[in-house]
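Asks: One structure follows; several queries about it will come next.
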Amino acid sequence: MVSGHLFLCRRNSWPAEEYVTKTALQLLDFDGGAPPSEAWRRRLDSHANKLKEFTVTFMEAMKMMSLGVRLWSYVREEASQGRKAPIDPFTRENHKPSASQGVPLGGMGSCSISRGFRGEFKHWQILPGSCEMSPVMANQFSIFVSRDGGNKKYSSVLAPGHHEGLKKSGDEGISSWDWNLSGQHSTYHALFPRAWTVYDGEPDPDLKISCRQISPFIPHDYRDSSLPTSVFVYTLVNTGKDRAKVSLLMTWANSIGGTSHNSGGHYNEPFIGEDGVSGVLLHHKTGKDNPPVTFAIAACETQNVSVTVLPAFNLSGENCSSEKCTTAKDMWDKMSQDGQFDRANFDRGCTEPSSSGNAVCAAVSASTWVEPHGRCTVVFALAWSSPKIKFQKGRCYYRRYTKFYGTSERSAINLAHDALTKYKRWEEQIEEWQNPILQDERLPEWYKFTLFNELYFLVAGGTVWIDSEAPGLEENSRHGTNNEQERILSENANTNPVANHTSFGDNDVGRFLYLEGIEYIMWCTYDVHFYASFALLNLFPKIELSIQRDFAHAVLFEDKRKVKFLADGTWGIRKVKGAVPHDLGTHDPWHEMNAYNIHDTSKWKDLNPKFVLQVYRDFAATGDLVFARDVWPGVCAAMDYMEQFDRDGDGLIENDGFPDQTYDAWTVRGVSAYSGCLWLAALQAAATMAHRLGDRTVAEKFKVKFMKAKMVYESKLWNGSYFNYDSSSRSIQADQLAGQWYTAAAGLPPLFDEGKIRNVLQKIFEFNVMRVKGGRLGAVNGMNPNGKVDETCMQSREIWTGVTYSVAATMLHHDMEYQGFTTAEGIFIAGWSDEGYGYWFQTPEGWTIDGHYRSLVYMRPLAIWAMQWAITPPKAILEAPKINVMDRIHISPLALRAFSESGVRKIAPKTSCFSSTVFHCDC
């Protein structure tokens, strides 16, 4: 735990008065309108610079040429089948990534839409595994102010007009709108899952405005956190001497990003709901037989707020020759003149389906009078309903929220209604969760808001949350592409525990997927989940346990379909029994695992130990014996599978001279620091778990292996100040104590002497952190003992954001608070600060020393929650008896004598974990 004195002297890094005046903050400080001082901040007129993408060196390209050719061929083959390859470095988005991201909208697992800090709605992830990055610029909030009997008027889109293609002369589209906001006096504040935009006298100098964006991301709430909706609460303060009529406008295109609004067949429908909630439904017909999507934009009418709608207007004047056709310019002119639409619009019914190339939009206006020195609140909601999710090989599921709202697309009305009537309760729950951390004076300010804001990935990371345990929709009958696949799937149909397990019981929370990243389209990539899972275990532990159950069952499953591995061109089977899968698939998750096909991951050395460590940590943190018993056969199978990699019988696994772990471009030979440390930790965790479950024979087996392996590990790798990278390299690997990190996180005894652990961490701090731009970038993966970055491969010279957070967490576990926070602060400086590279809300896997990123919007940075785990461990671990369970595991005299005599000679007979195991709890 963090001591109470080290950080009291740290200055606040984000003084609020440098971003918005104190007067404005004081005026807006009612009904939640003022942003908290601990939020991340950005001025709206800030330049959103283009990001610099990673490139390989000439030598790296030469080494990977054969892989590149095979990968290119594979990408083209997938494209010919209408699918996107899970890893495609060749296809580039037309919209270049920029430093413009902000807090995403909605809960988890029901599609996501991100919103940039300047107000753009972008990064549309409506279809699974697909991300349309470009903003839909018609989706905006705008304001119209009239004072002094209409003699003084202001109107503007509430976003700076710094966008290509705007202000074309004679345009009937959105360029005809008033893009008057400079952004010079407007500021964005982010504290996920909320964001505030403060307009300090823009566009009306006598009007202070705050727009508060709220999404239902509420830890331990497995209902509302699945809802696809957000609210926008406008707080208006009139500082002028005359009353002001203020009309706020929400416009929305019938689109799911990209060019989908031009595809035709879309229609809109006005509605009046309960409790004054009214708006427009936008029914979107998706392509390629994907399920339809219905959006609802709505506002809440009150005694002081009048709501009107325009069900449809055309995005441009093209294809709009009818007298009844309303252009974007017509809509704007109507609002500029009247400040509202005709009430009769509610009676117009559904519009005609749009024709191809004709983009249709809708608008909702909320108008109110604000007295001199008065205040007013206006609330909008956005909801979207896409009940079915369809993966590219045909299998369909119902999303989690349908459990509570049904399977009709029209449930968007109820979602919007509940958002408008429940958002205050959501905010109370969010503040109850966040305030203890925000008010902890021991913690640096940058850490507090970065901790919460990195959670953006659990919404924007392509998350999928389904209600049903197993597929049950008609589309599933179309699964499969050839007779051989159908035969194999038929053989597996009754034995595939991953697809068909039903072990949730009272803890049924559906099933959850999240992507490795928007560029690496694989669900629940397990070697990366190892780092990210601390966020889920902290906040949604039942989801974490459900993912672990998926993998526990997957260990026991075999898929004999042939796969070509692109690194060397060899063939193997898709999923080997006993091996933990790399991922749960891409186009048919749970049923077709291991979408990753660069290496044969059944030969990787880190996946199985990582599974065992995560399972034990989760068991230790939750105390869930039912979970422990459910996954125990998978743990045993995973451990037994690893015996084949102990070539010389010394208890320690060896790597095989290729990148056989999460660093999949960094070759490892023989005994290695990373995989070896994970294996040591897994042996101890498995022995302890076996003891707690009463499986004493297996506990003895793993304890003996641990004792042998530890001796070998230290004798072969310890060089006096750290553990060598592997048998042939003395590189200082930042991640070399990954096993010890998990050991400490799970409350297990340390793997090595405390002095030795601290020596390693201090070496990493001095070399991998501080010798790279003074610690302002994070921890470089590899550093040579001479103080130069290890350039063996592209990954050895990269700084991985999630690994840096995990190293910092390890330091915190071992009372090295200064080193831990300084290490992690490098990620904040490079990724989130004004002087950094602009990676906020799109934190990449890593970057180079010159700031070139690789793989934006990546899972691993969620590891910052491992730091919070170290600062405030869960109650079950914190209050556990301080005993060394390993000391309580009995070793038979025969095994002990054999160990004493040979030390490294293989002893204890092989004991299968599938023998007649009887569970006896000895907690």
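Labels used: A, B, ... for chains in the order of the structure tokens, numbers from 1 for residues in each chain, and numbers from 1 for ligands as shown.
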Can you list, as an NGL selection string, every protein, DNA or RNA residue that comes within 7 Å of Met783 (chain A) when you count only C-alpha atoms, leaving out same-chain residues fewer than 2 positions away?

Replies: :A and (731-733 or 767-768 or 780-781 or 785 or 787-790)

Asks: Could you go through region 258-448 of chain A and tell me which residues DSSP, when run on the backbone, assigns to alpha helix (DSSP H), listing them as a VMD selection string?

Replies: chain A and resid 328 to 338 402 to 405 411 to 438 445 to 448

Asks: So, with only C-alpha atoms as the atoms that count, which of A:Ile256, A:Ala620, A:Leu181, A:Met64 lies closest to Pro205 (chain A)?

Replies: A:Leu181

Asks: Quick one: residues within 9 Å of Glu798 (chain A), only C-alpha atoms, excluding same-chain residues fewer than 6 positions away - as number ranges by chain?

Replies: A: 779-782, 791, 846-849

Asks: Write out the residues from the selection above, keeping C-alpha atoms, as a short mmCIF file (atom, residue, chain, number, x, y, z; two decimals), in the first residue's frame.

Replies:
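As a result, out-v1.cif now contains:
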data_model
loop_
_atom_site.label_atom_id
_atom_site.label_comp_id
_atom_site.auth_asym_id
_atom_site.auth_seq_id
_atom_site.Cartn_x
_atom_site.Cartn_y
_atom_site.Cartn_z
CA ALA A 779 9.76 2.19 -19.64
CA VAL A 780 11.44 0.94 -22.81
CA ASN A 781 11.03 -2.82 -23.21
CA GLY A 782 14.71 -3.61 -23.59
CA GLU A 791 17.44 -2.57 -30.88
CA GLY A 846 3.29 1.44 -27.59
CA TRP A 847 5.46 4.13 -29.08
CA THR A 848 9.06 4.63 -30.04
CA ILE A 849 11.44 7.08 -28.44
#

Asks: Would you kindly return, as a PDB file with C-alpha atoms, in the first residue's frame, each protein, DNA or RNA residue with an atom no farther than 10 Å from any atom of Ala344 (chain A), considering only C-alpha atoms and excluding same-chain residues fewer than 4 positions away?

Replies:
ATOM      1  CA  THR A 308     -40.074  20.565 -31.106  1.00  0.00           C
ATOM      2  CA  VAL A 309     -38.723  18.356 -33.870  1.00  0.00           C
ATOM      3  CA  LEU A 310     -37.962  18.273 -37.576  1.00  0.00           C
ATOM      4  CA  ARG A 348     -46.192  13.708 -39.733  1.00  0.00           C
TER       5      ARG A 348
END

Asks: Interatomic distance between CA of Trp741 (chain A) and CA of Gly851 (chain A)?

Replies: 27.4 Å

Asks: Find the spatial neighbours of region 334-337 of chain A, counting only C-alpha atoms, within a cut-off of 9 Å - ignore same-chain residues fewer than 2 positions away - and output them as a ChimeraX atom specification.

Replies: /A:144-145,153-155,247,249,329-332,339-341,365

Asks: How about saving the chosen residues, N, CA and C atoms kept, as an mmCIF file, in the first residue's frame?

Replies:
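Wrote again_20.cif, looks like this:
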data_model
loop_
_atom_site.group_PDB
_atom_site.id
_atom_site.type_symbol
_atom_site.label_atom_id
_atom_site.label_comp_id
_atom_site.auth_asym_id
_atom_site.auth_seq_id
_atom_site.Cartn_x
_atom_site.Cartn_y
_atom_site.Cartn_z
ATOM 1 N N PHE A 144 -29.036 28.993 -30.482
ATOM 2 C CA PHE A 144 -29.623 30.198 -31.049
ATOM 3 C C PHE A 144 -30.094 31.045 -29.874
ATOM 4 N N VAL A 145 -29.598 32.279 -29.784
ATOM 5 C CA VAL A 145 -29.917 33.167 -28.661
ATOM 6 C C VAL A 145 -30.527 34.438 -29.229
ATOM 7 N N LYS A 153 -28.997 38.991 -31.746
ATOM 8 C CA LYS A 153 -29.078 37.546 -31.960
ATOM 9 C C LYS A 153 -27.687 36.935 -32.084
ATOM 10 N N TYR A 154 -27.605 35.707 -31.603
ATOM 11 C CA TYR A 154 -26.372 34.920 -31.743
ATOM 12 C C TYR A 154 -26.770 33.516 -32.191
ATOM 13 N N SER A 155 -25.990 32.954 -33.061
ATOM 14 C CA SER A 155 -26.229 31.559 -33.475
ATOM 15 C C SER A 155 -24.905 30.931 -33.858
ATOM 16 N N SER A 247 -32.416 28.646 -27.636
ATOM 17 C CA SER A 247 -32.852 27.405 -28.273
ATOM 18 C C SER A 247 -31.621 26.559 -28.564
ATOM 19 N N LEU A 249 -30.176 23.024 -30.186
ATOM 20 C CA LEU A 249 -30.542 22.164 -31.311
ATOM 21 C C LEU A 249 -29.620 20.957 -31.368
ATOM 22 N N LYS A 329 -29.818 23.858 -44.991
ATOM 23 C CA LYS A 329 -29.887 25.324 -44.921
ATOM 24 C C LYS A 329 -31.286 25.775 -44.522
ATOM 25 N N ASP A 330 -32.316 25.144 -45.102
ATOM 26 C CA ASP A 330 -33.689 25.485 -44.725
ATOM 27 C C ASP A 330 -33.903 25.277 -43.227
ATOM 28 N N MET A 331 -33.418 24.163 -42.728
ATOM 29 C CA MET A 331 -33.573 23.863 -41.307
ATOM 30 C C MET A 331 -32.913 24.949 -40.467
ATOM 31 N N TRP A 332 -31.692 25.328 -40.837
ATOM 32 C CA TRP A 332 -30.954 26.335 -40.062
ATOM 33 C C TRP A 332 -31.664 27.686 -40.106
ATOM 34 N N GLY A 339 -36.447 29.932 -33.735
ATOM 35 C CA GLY A 339 -35.918 29.266 -32.550
ATOM 36 C C GLY A 339 -36.607 27.964 -32.232
ATOM 37 N N GLN A 340 -37.456 27.454 -33.120
ATOM 38 C CA GLN A 340 -38.159 26.202 -32.889
ATOM 39 C C GLN A 340 -38.784 25.733 -34.203
ATOM 40 N N PHE A 341 -39.263 24.492 -34.192
ATOM 41 C CA PHE A 341 -39.952 23.939 -35.351
ATOM 42 C C PHE A 341 -41.455 23.951 -35.100
ATOM 43 N N SER A 365 -35.214 20.343 -31.180
ATOM 44 C CA SER A 365 -34.937 21.649 -30.589
ATOM 45 C C SER A 365 -35.561 21.724 -29.203
#

Asks: Measuring atom to atom with only C-alpha atoms, identify which of A:Tyr616, A:Tyr401, A:Phe141, A:Phe645 is nearest to Ala744 (chain A).

Replies: A:Tyr616

Asks: Can you work out which one of A:His220, A:His691, A:Lys716, A:His266 has the shortest atom-to-atom distance to Leu652 (chain A), counting only C-alpha atoms?

Replies: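 Nearest candidate to Leu652 (chain A) out of A:His220, A:His691, A:Lys716, A:His266: A:Lys716.
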